[in-house]
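Visitor: I am sharing structure_30.txt, which consists of compact mmCIF, C-alpha atoms:
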```txt
# COMPACT_ATOMS: atom_id res chain seq x y z
CA MET A 540 -44.22 -160.05 104.94
CA THR A 541 -45.91 -158.07 107.71
CA THR A 542 -44.02 -155.59 109.83
CA GLN A 543 -43.34 -157.33 113.11
CA PRO A 544 -42.58 -155.73 116.49
CA MET A 545 -38.96 -156.23 117.47
CA PRO A 546 -38.52 -158.82 120.27
CA ALA A 547 -36.13 -157.63 122.96
CA ASP A 548 -33.70 -160.45 122.21
CA SER A 549 -33.58 -159.44 118.52
CA ARG A 550 -32.89 -155.76 119.14
CA PRO A 551 -29.34 -154.63 118.25
CA GLU A 552 -27.18 -154.80 121.36
CA HIS A 553 -26.15 -151.15 121.30
CA ILE A 554 -29.80 -150.04 121.09
CA ASP A 555 -30.78 -152.40 123.91
CA ASN A 556 -27.98 -151.01 126.08
CA ILE A 557 -29.19 -147.46 125.52
CA LEU A 558 -32.81 -148.34 126.31
CA SER A 559 -31.81 -150.23 129.44
CA GLY A 560 -29.86 -147.35 130.97
CA LEU A 561 -29.86 -143.62 131.54
CA ASP A 562 -28.49 -142.99 128.05
CA ARG A 563 -32.03 -143.20 126.70
CA TYR A 564 -32.38 -139.63 128.04
CA ASN A 565 -29.04 -138.48 126.64
CA PRO A 566 -29.42 -136.12 123.64
CA GLU A 567 -26.22 -137.55 122.19
CA THR A 568 -28.10 -140.78 121.39
CA VAL A 569 -30.53 -139.01 119.04
CA SER A 570 -28.46 -139.70 115.93
CA THR A 571 -28.14 -143.36 116.92
CA PHE A 572 -31.91 -143.69 117.28
CA GLN A 573 -32.45 -141.86 113.98
CA ASP A 574 -30.18 -144.30 112.17
CA TYR A 575 -32.09 -147.14 113.81
CA VAL A 576 -35.41 -145.81 112.50
CA GLN A 577 -33.92 -145.80 109.02
CA TYR A 578 -32.76 -149.38 109.57
CA GLN A 579 -36.32 -150.39 110.52
CA CYS A 580 -37.67 -148.78 107.36
CA GLU A 581 -35.19 -150.57 105.14
CA HIS A 582 -35.47 -154.01 106.78
CA ARG A 583 -39.21 -154.07 107.58
CA THR A 584 -38.70 -154.38 111.30
CA TYR A 585 -40.36 -152.35 114.02
CA ASP A 586 -39.22 -151.31 117.48
CA ALA A 587 -41.88 -149.28 119.25
CA LEU A 588 -39.85 -148.83 122.44
CA ALA A 589 -36.89 -147.32 120.61
CA ASN A 590 -39.09 -145.09 118.46
CA LEU A 591 -41.00 -143.75 121.46
CA ALA A 592 -37.70 -143.09 123.23
CA LEU A 593 -36.58 -140.99 120.27
CA LEU A 594 -39.81 -138.99 120.22
CA LYS A 595 -39.37 -138.35 123.94
CA LEU A 596 -35.86 -137.03 123.25
CA TYR A 597 -37.32 -134.75 120.58
CA GLN A 598 -39.75 -133.40 123.19
CA PHE A 599 -36.92 -132.23 125.41
CA ASN A 600 -34.56 -131.31 122.59
CA PRO A 601 -36.70 -129.81 119.81
CA HIS A 602 -33.63 -128.37 118.09
CA LEU A 603 -32.56 -131.95 117.30
CA THR A 604 -35.86 -132.89 115.69
CA LYS A 605 -35.70 -134.43 112.24
CA GLU A 606 -39.11 -134.19 110.59
CA GLU A 607 -38.51 -137.04 108.15
CA THR A 608 -37.76 -139.37 111.05
CA ILE A 609 -40.99 -138.40 112.80
CA THR A 610 -43.09 -139.21 109.74
CA ASN A 611 -41.20 -142.49 109.24
CA ILE A 612 -41.98 -143.48 112.82
CA LEU A 613 -45.67 -142.76 112.27
CA VAL A 614 -45.70 -144.70 109.01
CA LYS A 615 -44.15 -147.71 110.76
CA ALA A 616 -46.75 -147.42 113.54
CA LEU A 617 -49.52 -147.51 110.92
CA LEU A 618 -48.42 -150.97 109.85
CA VAL A 619 -48.94 -152.63 113.24
CA PHE A 620 -52.66 -151.96 113.59
CA PRO A 621 -54.71 -152.64 115.58
CA SER A 622 -52.51 -151.25 118.33
CA PRO A 623 -52.19 -148.07 120.38
CA ASP A 624 -48.74 -147.32 118.94
CA PHE A 625 -49.81 -144.58 116.53
CA SER A 626 -51.72 -142.77 119.28
CA LEU A 627 -48.78 -143.13 121.66
CA CYS A 628 -46.54 -141.49 119.07
CA LEU A 629 -49.01 -138.65 118.53
CA HIS A 630 -49.07 -137.91 122.25
CA LEU A 631 -45.33 -137.27 122.18
CA LEU A 632 -45.70 -134.63 119.46
CA PRO A 633 -46.73 -130.97 120.02
CA PRO A 634 -50.35 -130.94 121.29
CA ASN A 635 -51.61 -128.60 118.56
CA ILE A 636 -50.09 -130.55 115.69
CA LEU A 637 -53.49 -131.89 114.58
CA ASP A 638 -55.10 -128.44 114.62
CA SER A 639 -55.04 -127.11 111.06
CA ALA A 640 -55.96 -123.64 112.29
CA THR A 641 -52.88 -123.17 114.46
CA ALA A 642 -50.36 -125.66 113.04
CA THR A 643 -49.77 -124.82 109.38
CA ASP A 644 -46.22 -126.10 108.86
CA ALA A 645 -45.33 -129.00 106.56
CA LEU A 646 -44.77 -131.49 109.41
CA SER A 647 -48.18 -130.79 110.93
CA ASP A 648 -49.84 -131.28 107.56
CA ALA A 649 -48.04 -134.59 107.09
CA VAL A 650 -48.98 -135.78 110.58
CA ARG A 651 -52.65 -134.91 110.03
CA LYS A 652 -52.70 -136.85 106.77
CA LEU A 653 -51.16 -139.91 108.45
CA ALA A 654 -53.60 -139.55 111.36
CA ARG A 655 -56.45 -139.70 108.84
CA LEU A 656 -55.07 -142.94 107.41
CA ASN A 657 -54.82 -144.32 110.93
CA GLU A 658 -58.47 -143.48 111.62
CA LEU A 659 -59.54 -145.33 108.49
CA ILE A 660 -57.43 -148.43 109.05
CA GLU A 661 -58.30 -148.71 112.75
CA SER A 662 -62.03 -148.47 111.96
CA GLY A 663 -61.82 -151.22 109.35
CA GLY A 664 -62.29 -148.86 106.41
CA TYR A 665 -59.76 -150.71 104.29
CA ARG A 666 -61.17 -149.69 100.90
CA GLU A 667 -61.44 -146.08 102.07
CA PHE A 668 -57.86 -146.27 103.34
CA TRP A 669 -56.56 -147.20 99.90
CA GLU A 670 -58.72 -144.62 98.17
CA ALA A 671 -57.36 -141.86 100.40
CA PHE A 672 -53.82 -143.18 100.00
CA GLU A 673 -53.93 -143.21 96.21
CA HIS A 674 -55.75 -139.91 95.71
CA ASP A 675 -53.11 -137.77 97.42
CA ASP A 676 -49.59 -137.75 96.00
CA MET A 677 -48.22 -136.62 99.35
CA TYR A 678 -48.73 -140.12 100.77
CA ALA A 679 -46.29 -141.59 98.25
CA ASP A 680 -43.66 -139.14 99.51
CA LEU A 681 -44.41 -139.96 103.15
CA VAL A 682 -43.99 -143.73 102.76
CA VAL A 683 -41.13 -143.73 100.26
CA ASP A 684 -38.51 -144.55 102.92
CA CYS A 685 -40.45 -147.55 104.26
CA ALA A 686 -39.64 -150.54 102.06
CA GLY A 687 -42.67 -152.53 100.91
CA PHE A 688 -45.22 -150.29 102.61
CA GLU A 689 -48.15 -151.30 100.40
CA GLU A 690 -47.32 -154.99 100.54
CA SER A 691 -46.92 -154.86 104.31
CA MET A 692 -50.25 -153.07 104.68
CA ARG A 693 -51.99 -155.70 102.54
CA ASP A 694 -50.48 -158.40 104.71
CA ALA A 695 -51.65 -156.65 107.88
CA ILE A 696 -55.18 -156.31 106.48
CA ALA A 697 -55.13 -160.00 105.50
CA VAL A 698 -54.16 -160.96 109.04
CA GLN A 699 -57.21 -159.14 110.42
CA THR A 700 -59.47 -160.61 107.73
CA ASN A 701 -58.24 -164.09 108.62
CA MET A 702 -59.38 -163.49 112.18
CA ILE A 703 -62.91 -162.29 111.46
CA ALA A 704 -64.17 -164.06 108.34
CA ARG A 705 -64.42 -167.43 106.62
CA GLU A 706 -65.64 -166.02 103.35
CA ALA A 707 -66.08 -162.61 101.78
CA ASN A 708 -67.39 -161.14 98.56
CA LYS A 709 -64.72 -161.13 95.86
CA GLU A 710 -65.23 -157.47 94.99
CA MET A 711 -65.01 -156.52 98.64
CA VAL A 712 -61.70 -158.34 99.06
CA GLN A 713 -60.34 -156.57 95.99
CA GLY A 714 -61.12 -153.29 97.70
CA TRP A 715 -59.60 -154.37 101.01
CA LEU A 716 -56.35 -155.50 99.40
CA ASN A 717 -56.37 -152.83 96.68
CA VAL A 718 -55.78 -155.27 93.85
CA SER A 719 -57.34 -155.59 90.40
CA SER A 720 -59.59 -158.48 89.42
CA GLU A 721 -56.71 -159.84 87.32
CA ASP A 722 -54.37 -159.88 90.31
CA LEU A 723 -56.87 -161.17 92.86
CA LEU A 724 -56.10 -164.88 92.43
CA ALA A 725 -52.39 -164.39 93.03
CA ALA A 726 -53.07 -162.03 95.93
CA VAL A 727 -55.38 -164.37 97.85
CA ALA A 728 -53.19 -167.40 97.14
CA ARG A 729 -50.46 -165.61 99.10
CA TYR A 730 -52.61 -166.02 102.21
CA GLY A 731 -53.86 -169.52 101.48
CA TRP A 732 -57.29 -168.28 100.39
CA THR A 733 -59.23 -169.50 97.35
CA VAL A 734 -61.76 -167.97 94.97
CA GLU A 735 -65.02 -169.85 94.43
CA GLY A 736 -67.44 -168.03 92.20
CA ASP A 737 -68.08 -164.58 93.65
CA LEU A 738 -66.65 -165.51 97.04
CA VAL A 739 -63.20 -165.63 98.52
CA LYS A 740 -62.93 -168.59 100.89
CA ILE A 741 -60.74 -168.31 103.97
CA PRO A 742 -59.64 -171.53 105.73
CA ILE A 743 -60.95 -172.17 109.21
CA ASN A 744 -58.52 -171.20 111.93
CA LYS A 745 -58.73 -170.82 115.70
CA GLU A 746 -59.77 -167.17 115.35
CA ASN A 747 -62.57 -167.43 112.75
CA GLU A 748 -63.93 -170.82 113.79
CA ALA A 749 -67.47 -170.72 115.16
CA LYS A 750 -67.45 -171.60 118.84
CA THR A 751 -70.36 -172.76 120.95
CA THR A 752 -70.66 -171.02 124.26
CA VAL A 753 -72.56 -172.83 127.02
CA PHE A 754 -73.74 -170.85 130.04
CA ARG A 755 -74.49 -172.76 133.22
CA GLU A 756 -76.03 -171.31 136.33
CA SER A 757 -75.97 -173.16 139.59
CA VAL A 758 -79.02 -172.32 141.73
CA SER A 759 -79.73 -174.23 144.90
CA PHE A 760 -83.20 -175.27 146.07
CA GLY A 761 -82.73 -173.06 149.12
CA GLN A 762 -82.43 -170.00 146.90
CA PHE A 763 -85.73 -170.87 145.22
CA GLN A 764 -87.34 -171.16 148.66
CA ASN A 765 -86.19 -167.65 149.54
CA VAL A 766 -87.60 -166.22 146.32
CA ILE A 767 -90.95 -167.94 146.79
CA ARG A 768 -91.18 -166.86 150.46
CA ARG A 769 -90.45 -163.21 149.63
CA GLY A 770 -93.03 -163.23 146.84
CA TYR A 771 -95.60 -164.72 149.22
CA GLU A 772 -94.81 -162.17 151.95
CA GLN A 773 -95.14 -159.24 149.51
CA ALA A 774 -98.45 -160.61 148.22
CA VAL A 775 -99.81 -160.86 151.77
```
Rewrite the coordinates I just gave you, this time as structure tokens.

Guide:
Amino acid sequence: MTTQPMPADSRPEHIDNILSGLDRYNPETVSTFQDYVQYQCEHRTYDALANLALLKLYQFNPHLTKEETITNILVKALLVFPSPDFSLCLHLLPPNILDSATATDALSDAVRKLARLNELIESGGYREFWEAFEHDDMYADLVVDCAGFEESMRDAIAVQTNMIAREANKEMVQGWLNVSSEDLLAAVARYGWTVEGDLVKIPINKENEAKTTVFRESVSFGQFQNVIRRGYEQAV
């Protein structure tokens, strides 16, 4: 199950009331927003508007900042690629947080590691994403609060693959989904894909279907006359 943005009509009423009024700027709502981030992590939901509101409150009230909540927000934003959400979150954090020379605290280190994952996933480096994720134990600690992180990321990658391909090399798909050859059949069946020889076949859909584009230009005879006349005048 992919992490889905929270529709306004599905947002808890008390959160919606805060976001709709001046209380979104009230420091007393910080704990409410923090609890809501934890709820999103546990129930695989995602509310960008509420999370950005909390980061904005942290900007003006740094003494209320909870580092674990910041990293959880960034992890949730990772799961909704491709989108600008991760970058929007970064812009609400201290401007030097990505500079390893000046920001040496634990939060800055965690943010830089998550930013690296975001670069890989946004650029389509799915295999490289999983390699980086599995070769640093810190990532396991960063995503531990977000239920089903790896499964949700596989689902998100599958959604993008569905949109751009109708078949792919079996070994390549294993790398994209980070599954073993033994688990590949079950993994692709989850998305309605099939394995045929060395290829994984993806059903045709409105996104990956080849479309013929026909370009038509309407040029009047009078326009041709003008072109011919100008060419004749220049020649003379």

Visitor: If we count all atoms listed in the file and set the cut-off at 9 Å, which residues sit around Leu723 of chain A, ignoring sequence neighbours fewer than 5 positions away in its own chain? Please answer as a VMD selection string.

Guide: chain A and resid 709 712 to 713 716 718 728 734

Visitor: What are the closest atom pairs, with distances in Å to one decimal, for each residue of segment 605-680 of chain A lying within 9 Å of segment 686-694 of chain A, using only C-alpha atoms, rows by chain and rising residue number, as a Markdown table?

Guide:
```
| residue | atom | partner | partner_atom | distance |
| --- | --- | --- | --- | --- |
| A:Val614 | CA | A:Phe688 | CA | 8.5 |
| A:Lys615 | CA | A:Phe688 | CA | 8.6 |
| A:Leu617 | CA | A:Met692 | CA | 8.4 |
| A:Leu618 | CA | A:Met692 | CA | 5.9 |
| A:Val619 | CA | A:Met692 | CA | 8.7 |
```

Visitor: In Å, how far is it from atom CA of Asp675 of chain A to atom CA of Leu613 of chain A?

Guide: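 Going from atom CA of Asp675 of chain A over to atom CA of Leu613 of chain A, I get 17.3 Å.
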
Visitor: Counting only C-alpha atoms, figure out which residue out of A:Thr751, A:Asn708, A:Gln573, A:Asn701 gets nearest to Gly731 of chain A.

Guide: A:Asn701

Visitor: So which residues touch segment 642-658 of chain A within 6 Å, counting only C-alpha atoms, skipping near sequence neighbours fewer than 5 positions away, as number ranges by chain?

Guide: A: 636-637, 668

Visitor: Suppose you want the space between atom CA of Gln598 of chain A and atom CA of Asp676 of chain A; what is it in Å?

Guide: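 It comes out at 29.2 Å.
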
Visitor: Please compute the atom CA of His630 of chain A-atom CA of Leu594 of chain A distance, one decimal, in Å.

Guide: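 Computing the Euclidean distance for atom CA of His630 of chain A and atom CA of Leu594 of chain A yields 9.5 Å.
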
Visitor: Using only C-alpha atoms, what does the table of segment 654-697 of chain A residues within 12 Å of segment 602-608 of chain A look like, with each row giving the shortest atom pair and its distance in Å to one decimal, sorted by chain and ascending number, as JSON lines?

Guide:
```
{"residue": "A:Asp680", "atom": "CA", "partner": "A:Glu607", "partner_atom": "CA", "distance": 10.3}
{"residue": "A:Leu681", "atom": "CA", "partner": "A:Glu607", "partner_atom": "CA", "distance": 8.3}
{"residue": "A:Val682", "atom": "CA", "partner": "A:Glu607", "partner_atom": "CA", "distance": 10.2}
{"residue": "A:Val683", "atom": "CA", "partner": "A:Glu607", "partner_atom": "CA", "distance": 10.7}
{"residue": "A:Asp684", "atom": "CA", "partner": "A:Glu607", "partner_atom": "CA", "distance": 9.2}
{"residue": "A:Cys685", "atom": "CA", "partner": "A:Thr608", "partner_atom": "CA", "distance": 11.0}
```

Visitor: Name the residues within 12 Å of (-59.3, -169.5, 97.1), counting all atoms listed in the file in the file's coordinates, and put them as a list in words.

Guide: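 Protein and nucleic acid residues near the point are Arg705, Glu706, Ala707, Asn708, Lys709, Val712, Leu723, Leu724, Ala725, Ala726, Val727, Ala728, Arg729, Tyr730, Gly731, Trp732, Thr733, Val734, Glu735, Gly736, Asp737, Leu738, Val739, Lys740, Ile741 and Pro742 of chain A.
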
Visitor: List the spatial neighbours of Ala589 of chain A as a VMD selection string - criterion: any atom at most 12 Å away, all atoms listed in the file, same-chain residues fewer than 2 positions off excluded.

Guide: chain A and resid 544 to 547 550 to 551 553 to 559 563 to 564 568 to 569 571 to 576 578 to 579 584 to 587 591 to 596 612 624 628

Visitor: Considering all atoms listed in the file, state which residue in the set A:Asn765, A:Asn717, A:Ser639, A:Ser570 is at the smallest distance from Glu670 of chain A.

Guide: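 For Glu670 of chain A, the nearest of the given residues is A:Asn717.
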
Visitor: Could you check the closest approach to Phe599 of chain A for each of A:Leu631, A:Ile696, A:Ala616, A:Ile660 and tell me which residue wins, using all atoms listed in the file?

Guide: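 Between A:Leu631, A:Ile696, A:Ala616, A:Ile660, the residue approaching Phe599 of chain A most closely is A:Leu631.
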
Visitor: Since the input lacks atoms, please generate N, CA, C and O atoms for segment 562-579 of chain A and provide them as a PDB file, in the coordinates of the input.

Guide:
```pdb
ATOM      1  N   ASP A 562     -28.827-143.600 129.331  1.00  0.00           N
ATOM      2  CA  ASP A 562     -28.490-142.990 128.050  1.00  0.00           C
ATOM      3  C   ASP A 562     -29.714-142.770 127.162  1.00  0.00           C
ATOM      4  O   ASP A 562     -29.658-142.007 126.196  1.00  0.00           O
ATOM      5  N   ARG A 563     -30.819-143.420 127.495  1.00  0.00           N
ATOM      6  CA  ARG A 563     -32.030-143.200 126.700  1.00  0.00           C
ATOM      7  C   ARG A 563     -32.504-141.758 126.827  1.00  0.00           C
ATOM      8  O   ARG A 563     -33.296-141.284 126.011  1.00  0.00           O
ATOM      9  N   TYR A 564     -32.019-141.037 127.859  1.00  0.00           N
ATOM     10  CA  TYR A 564     -32.380-139.630 128.040  1.00  0.00           C
ATOM     11  C   TYR A 564     -31.245-138.696 127.613  1.00  0.00           C
ATOM     12  O   TYR A 564     -31.340-137.486 127.795  1.00  0.00           O
ATOM     13  N   ASN A 565     -30.200-139.261 127.048  1.00  0.00           N
ATOM     14  CA  ASN A 565     -29.040-138.480 126.640  1.00  0.00           C
ATOM     15  C   ASN A 565     -29.224-137.983 125.200  1.00  0.00           C
ATOM     16  O   ASN A 565     -29.354-138.782 124.278  1.00  0.00           O
ATOM     17  N   PRO A 566     -29.218-136.656 124.996  1.00  0.00           N
ATOM     18  CA  PRO A 566     -29.420-136.120 123.640  1.00  0.00           C
ATOM     19  C   PRO A 566     -28.398-136.627 122.626  1.00  0.00           C
ATOM     20  O   PRO A 566     -28.675-136.636 121.425  1.00  0.00           O
ATOM     21  N   GLU A 567     -27.254-137.079 123.108  1.00  0.00           N
ATOM     22  CA  GLU A 567     -26.220-137.550 122.190  1.00  0.00           C
ATOM     23  C   GLU A 567     -26.615-138.862 121.502  1.00  0.00           C
ATOM     24  O   GLU A 567     -25.978-139.274 120.536  1.00  0.00           O
ATOM     25  N   THR A 568     -27.659-139.516 122.006  1.00  0.00           N
ATOM     26  CA  THR A 568     -28.100-140.780 121.390  1.00  0.00           C
ATOM     27  C   THR A 568     -29.119-140.547 120.276  1.00  0.00           C
ATOM     28  O   THR A 568     -29.538-141.511 119.617  1.00  0.00           O
ATOM     29  N   VAL A 569     -29.508-139.302 120.053  1.00  0.00           N
ATOM     30  CA  VAL A 569     -30.530-139.010 119.040  1.00  0.00           C
ATOM     31  C   VAL A 569     -30.115-139.534 117.666  1.00  0.00           C
ATOM     32  O   VAL A 569     -30.904-140.191 116.969  1.00  0.00           O
ATOM     33  N   SER A 570     -28.901-139.257 117.262  1.00  0.00           N
ATOM     34  CA  SER A 570     -28.460-139.700 115.930  1.00  0.00           C
ATOM     35  C   SER A 570     -28.458-141.219 115.821  1.00  0.00           C
ATOM     36  O   SER A 570     -28.764-141.776 114.756  1.00  0.00           O
ATOM     37  N   THR A 571     -28.135-141.890 116.923  1.00  0.00           N
ATOM     38  CA  THR A 571     -28.140-143.360 116.920  1.00  0.00           C
ATOM     39  C   THR A 571     -29.564-143.886 116.718  1.00  0.00           C
ATOM     40  O   THR A 571     -29.806-144.803 115.920  1.00  0.00           O
ATOM     41  N   PHE A 572     -30.514-143.299 117.434  1.00  0.00           N
ATOM     42  CA  PHE A 572     -31.910-143.690 117.280  1.00  0.00           C
ATOM     43  C   PHE A 572     -32.419-143.375 115.877  1.00  0.00           C
ATOM     44  O   PHE A 572     -33.185-144.146 115.288  1.00  0.00           O
ATOM     45  N   GLN A 573     -32.009-142.237 115.332  1.00  0.00           N
ATOM     46  CA  GLN A 573     -32.450-141.860 113.980  1.00  0.00           C
ATOM     47  C   GLN A 573     -31.957-142.860 112.951  1.00  0.00           C
ATOM     48  O   GLN A 573     -32.703-143.254 112.038  1.00  0.00           O
ATOM     49  N   ASP A 574     -30.722-143.280 113.083  1.00  0.00           N
ATOM     50  CA  ASP A 574     -30.180-144.300 112.170  1.00  0.00           C
ATOM     51  C   ASP A 574     -30.946-145.612 112.322  1.00  0.00           C
ATOM     52  O   ASP A 574     -31.165-146.331 111.336  1.00  0.00           O
ATOM     53  N   TYR A 575     -31.365-145.899 113.552  1.00  0.00           N
ATOM     54  CA  TYR A 575     -32.090-147.140 113.810  1.00  0.00           C
ATOM     55  C   TYR A 575     -33.479-147.109 113.179  1.00  0.00           C
ATOM     56  O   TYR A 575     -33.972-148.129 112.672  1.00  0.00           O
ATOM     57  N   VAL A 576     -34.123-145.941 113.177  1.00  0.00           N
ATOM     58  CA  VAL A 576     -35.410-145.810 112.500  1.00  0.00           C
ATOM     59  C   VAL A 576     -35.247-146.074 111.012  1.00  0.00           C
ATOM     60  O   VAL A 576     -36.065-146.778 110.395  1.00  0.00           O
ATOM     61  N   GLN A 577     -34.186-145.554 110.432  1.00  0.00           N
ATOM     62  CA  GLN A 577     -33.920-145.800 109.020  1.00  0.00           C
ATOM     63  C   GLN A 577     -33.685-147.287 108.757  1.00  0.00           C
ATOM     64  O   GLN A 577     -34.147-147.835 107.753  1.00  0.00           O
ATOM     65  N   TYR A 578     -32.992-147.935 109.677  1.00  0.00           N
ATOM     66  CA  TYR A 578     -32.760-149.380 109.570  1.00  0.00           C
ATOM     67  C   TYR A 578     -34.098-150.139 109.568  1.00  0.00           C
ATOM     68  O   TYR A 578     -34.302-151.066 108.769  1.00  0.00           O
ATOM     69  N   GLN A 579     -35.009-149.746 110.461  1.00  0.00           N
ATOM     70  CA  GLN A 579     -36.320-150.390 110.520  1.00  0.00           C
ATOM     71  C   GLN A 579     -37.069-150.228 109.200  1.00  0.00           C
ATOM     72  O   GLN A 579     -37.728-151.156 108.721  1.00  0.00           O
TER      73      GLN A 579
END
```
